[in-house]
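Asks: Pasting a structure here, questions to come.
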Amino acid sequence: MYNAFDNSKPLLVARIFEQVFMLKHIGYVAAEIHGAVYMQAHPDLQTDTTPISNFFEETIVNPTVLNLLRRRGDIDCGGVRYFAVGYGDFVQLILPFKSGHLSIGVSSRRNVPQLVDEVVRIIDHDPTS
């Protein structure tokens, strides 16, 4: 069972998180890989969201939306590269890969397409293939 308050994560995930947090205006990073969820907030992040709320977003909302977008994208759009949700205070960026997704909470001031390119270079297209 996943413990939303346990910060332990595999070395590869820890390295990806560390590199993503080095980018500008990142508040939150999570990964769902083969059903396991890993989440980390920036130490300076002030938010009303809770680890439990984030856990449900990573296990229910993002995989469901991603599944719908993949199905549509695979028909005649060349797949799905990422999707972003513009919440009131931030943007949630989700990048799919073969065995799950990477989720990044970022300031709404950030250029999302540019961030996608930076993150793709970090994860090298598929960190778990």
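To be explicit about the labels: the chains of the structure tokens are called A, B, and onward in the order shown, and within each one the residues are counted from 1, while ligands get numbers from 1 in the order they are shown.
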Got a sec: who's within 10 Å of Val116 of chain A, counting only C-alpha atoms, leaving out chain neighbours fewer than 6 positions off, as an mmCIF file with C-alpha atoms, in the first residue's frame?

Replies:
data_model
loop_
_atom_site.group_PDB
_atom_site.id
_atom_site.type_symbol
_atom_site.label_atom_id
_atom_site.label_comp_id
_atom_site.auth_asym_id
_atom_site.auth_seq_id
_atom_site.Cartn_x
_atom_site.Cartn_y
_atom_site.Cartn_z
ATOM 1 C CA ARG A 81 3.193 14.341 -26.148
ATOM 2 C CA TYR A 82 1.850 16.069 -23.012
ATOM 3 C CA PHE A 83 -1.167 17.772 -21.546
ATOM 4 C CA LEU A 93 1.936 19.453 -16.683
ATOM 5 C CA ILE A 94 1.633 15.719 -17.391
ATOM 6 C CA LEU A 95 4.041 13.878 -19.676
ATOM 7 C CA ILE A 104 4.868 18.623 -12.658
ATOM 8 C CA ILE A 122 15.880 14.942 -18.546
#

Asks: Tell me, as an NGL selection string, which residues lie within 8 Å of Gly105 of chain A, counting only C-alpha atoms; anything in the same chain fewer than 3 positions away does not count.

Replies: :A and (26-29 or 90-93)

Asks: Which polymer residues have any atom within 12 Å of an atom of Ala41 of chain A, counting only C-alpha atoms, with same-chain residues fewer than 6 positions away left out, as a PyMOL selection string?

Replies: chain A and resi 4-5+7+17-18+20-21+25-30+47+49-51+54+103-106

Asks: Can I get the selection written as a PDB file, in the first residue's frame, with N, CA and C atoms?

Replies:
ATOM      1  N   ALA A   4       1.343   8.049   1.466  1.00  0.00           N
ATOM      2  CA  ALA A   4       1.487   9.386   0.883  1.00  0.00           C
ATOM      3  C   ALA A   4       2.531  10.225   1.611  1.00  0.00           C
ATOM      4  N   PHE A   5       2.933   9.814   2.798  1.00  0.00           N
ATOM      5  CA  PHE A   5       3.889  10.592   3.571  1.00  0.00           C
ATOM      6  C   PHE A   5       5.286   9.992   3.536  1.00  0.00           C
ATOM      7  N   ASN A   7       8.690   9.464   1.701  1.00  0.00           N
ATOM      8  CA  ASN A   7       9.436  10.121   0.638  1.00  0.00           C
ATOM      9  C   ASN A   7      10.397   9.195  -0.087  1.00  0.00           C
ATOM     10  N   PHE A  17      13.558  13.634 -10.284  1.00  0.00           N
ATOM     11  CA  PHE A  17      12.947  14.679  -9.469  1.00  0.00           C
ATOM     12  C   PHE A  17      13.965  15.785  -9.182  1.00  0.00           C
ATOM     13  N   GLU A  18      15.164  15.408  -8.787  1.00  0.00           N
ATOM     14  CA  GLU A  18      16.205  16.383  -8.470  1.00  0.00           C
ATOM     15  C   GLU A  18      16.486  17.290  -9.669  1.00  0.00           C
ATOM     16  N   VAL A  20      14.489  17.885 -12.295  1.00  0.00           N
ATOM     17  CA  VAL A  20      13.316  18.702 -12.625  1.00  0.00           C
ATOM     18  C   VAL A  20      13.213  19.881 -11.655  1.00  0.00           C
ATOM     19  N   PHE A  21      13.457  19.644 -10.376  1.00  0.00           N
ATOM     20  CA  PHE A  21      13.391  20.728  -9.403  1.00  0.00           C
ATOM     21  C   PHE A  21      14.454  21.797  -9.659  1.00  0.00           C
ATOM     22  N   HIS A  25      10.775  27.647 -11.360  1.00  0.00           N
ATOM     23  CA  HIS A  25       9.360  27.769 -10.996  1.00  0.00           C
ATOM     24  C   HIS A  25       8.645  26.423 -10.826  1.00  0.00           C
ATOM     25  N   ILE A  26       9.354  25.384 -10.388  1.00  0.00           N
ATOM     26  CA  ILE A  26       8.744  24.070 -10.164  1.00  0.00           C
ATOM     27  C   ILE A  26       8.340  23.951  -8.699  1.00  0.00           C
ATOM     28  N   GLY A  27       7.097  23.582  -8.441  1.00  0.00           N
ATOM     29  CA  GLY A  27       6.618  23.447  -7.073  1.00  0.00           C
ATOM     30  C   GLY A  27       6.370  22.020  -6.638  1.00  0.00           C
ATOM     31  N   TYR A  28       6.160  21.123  -7.612  1.00  0.00           N
ATOM     32  CA  TYR A  28       5.718  19.758  -7.277  1.00  0.00           C
ATOM     33  C   TYR A  28       6.104  18.844  -8.421  1.00  0.00           C
ATOM     34  N   VAL A  29       6.575  17.653  -8.076  1.00  0.00           N
ATOM     35  CA  VAL A  29       6.872  16.638  -9.088  1.00  0.00           C
ATOM     36  C   VAL A  29       6.341  15.304  -8.576  1.00  0.00           C
ATOM     37  N   ALA A  30       5.718  14.556  -9.475  1.00  0.00           N
ATOM     38  CA  ALA A  30       5.230  13.221  -9.135  1.00  0.00           C
ATOM     39  C   ALA A  30       5.436  12.307 -10.334  1.00  0.00           C
ATOM     40  N   THR A  47       0.908  25.690  -0.313  1.00  0.00           N
ATOM     41  CA  THR A  47      -0.266  25.258  -1.070  1.00  0.00           C
ATOM     42  C   THR A  47      -1.353  24.760  -0.131  1.00  0.00           C
ATOM     43  N   THR A  49      -3.252  22.224  -1.241  1.00  0.00           N
ATOM     44  CA  THR A  49      -3.447  20.813  -1.581  1.00  0.00           C
ATOM     45  C   THR A  49      -2.777  19.932  -0.543  1.00  0.00           C
ATOM     46  N   THR A  50      -3.284  18.714  -0.430  1.00  0.00           N
ATOM     47  CA  THR A  50      -2.752  17.762   0.548  1.00  0.00           C
ATOM     48  C   THR A  50      -2.110  16.582  -0.168  1.00  0.00           C
ATOM     49  N   PRO A  51      -1.239  15.849   0.504  1.00  0.00           N
ATOM     50  CA  PRO A  51      -0.665  14.657  -0.122  1.00  0.00           C
ATOM     51  C   PRO A  51      -1.726  13.648  -0.569  1.00  0.00           C
ATOM     52  N   ASN A  54      -3.279  14.970  -3.790  1.00  0.00           N
ATOM     53  CA  ASN A  54      -2.322  14.758  -4.880  1.00  0.00           C
ATOM     54  C   ASN A  54      -2.248  13.288  -5.273  1.00  0.00           C
ATOM     55  N   SER A 103       4.356  14.058 -13.605  1.00  0.00           N
ATOM     56  CA  SER A 103       3.449  15.164 -13.344  1.00  0.00           C
ATOM     57  C   SER A 103       4.228  16.281 -12.657  1.00  0.00           C
ATOM     58  N   ILE A 104       4.091  17.501 -13.174  1.00  0.00           N
ATOM     59  CA  ILE A 104       4.868  18.623 -12.658  1.00  0.00           C
ATOM     60  C   ILE A 104       3.950  19.801 -12.404  1.00  0.00           C
ATOM     61  N   GLY A 105       3.961  20.308 -11.182  1.00  0.00           N
ATOM     62  CA  GLY A 105       3.239  21.520 -10.842  1.00  0.00           C
ATOM     63  C   GLY A 105       4.177  22.703 -11.030  1.00  0.00           C
ATOM     64  N   VAL A 106       3.777  23.651 -11.851  1.00  0.00           N
ATOM     65  CA  VAL A 106       4.669  24.734 -12.239  1.00  0.00           C
ATOM     66  C   VAL A 106       3.925  26.063 -12.186  1.00  0.00           C
TER      67      VAL A 106
END

Asks: Among segment 11-116 of chain A, which ones does DSSP assign to strand (DSSP E or B) (computed from the backbone)? Answer as a tab-separated table (two decimals) with C-alpha atoms, in the first residue's frame.

Replies:
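Contents of the output file out_38.tsv:
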chain	number	residue	atom	x	y	z
A	26	ILE	CA	8.74	24.07	-10.16
A	27	GLY	CA	6.62	23.45	-7.07
A	28	TYR	CA	5.72	19.76	-7.28
A	29	VAL	CA	6.87	16.64	-9.09
A	30	ALA	CA	5.23	13.22	-9.14
A	31	ALA	CA	5.64	10.03	-11.11
A	32	GLU	CA	3.31	7.09	-11.56
A	33	ILE	CA	5.31	4.08	-12.76
A	36	ALA	CA	3.51	3.00	-7.94
A	37	VAL	CA	3.21	6.69	-7.12
A	38	TYR	CA	6.08	8.91	-6.00
A	39	MET	CA	5.45	12.55	-5.06
A	40	GLN	CA	7.57	15.41	-3.81
A	41	ALA	CA	6.82	19.08	-3.17
A	83	PHE	CA	-1.17	17.77	-21.55
A	84	ALA	CA	-1.44	20.71	-19.20
A	85	VAL	CA	-4.20	21.81	-16.84
A	86	GLY	CA	-4.34	25.49	-15.96
A	90	PHE	CA	-0.46	27.03	-11.23
A	91	VAL	CA	-0.25	24.74	-14.25
A	92	GLN	CA	-0.12	20.97	-13.87
A	93	LEU	CA	1.94	19.45	-16.68
A	94	ILE	CA	1.63	15.72	-17.39
A	95	LEU	CA	4.04	13.88	-19.68
A	96	PRO	CA	3.21	10.27	-20.54
A	97	PHE	CA	5.72	7.51	-20.98
A	100	GLY	CA	3.09	5.72	-16.54
A	101	HIS	CA	3.46	9.48	-16.36
A	102	LEU	CA	5.46	12.34	-14.91
A	103	SER	CA	3.45	15.16	-13.34
A	104	ILE	CA	4.87	18.62	-12.66
A	105	GLY	CA	3.24	21.52	-10.84
A	106	VAL	CA	4.67	24.73	-12.24
A	107	SER	CA	4.09	28.46	-11.91

Asks: Which residue, A:Gly78, A:Asp89, A:Phe55, A:Arg70, has the smallest gap to Gly35 of chain A when you use only C-alpha atoms?

Replies: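 Of A:Gly78, A:Asp89, A:Phe55, A:Arg70, the one nearest Gly35 of chain A, counting only C-alpha atoms, is A:Phe55.
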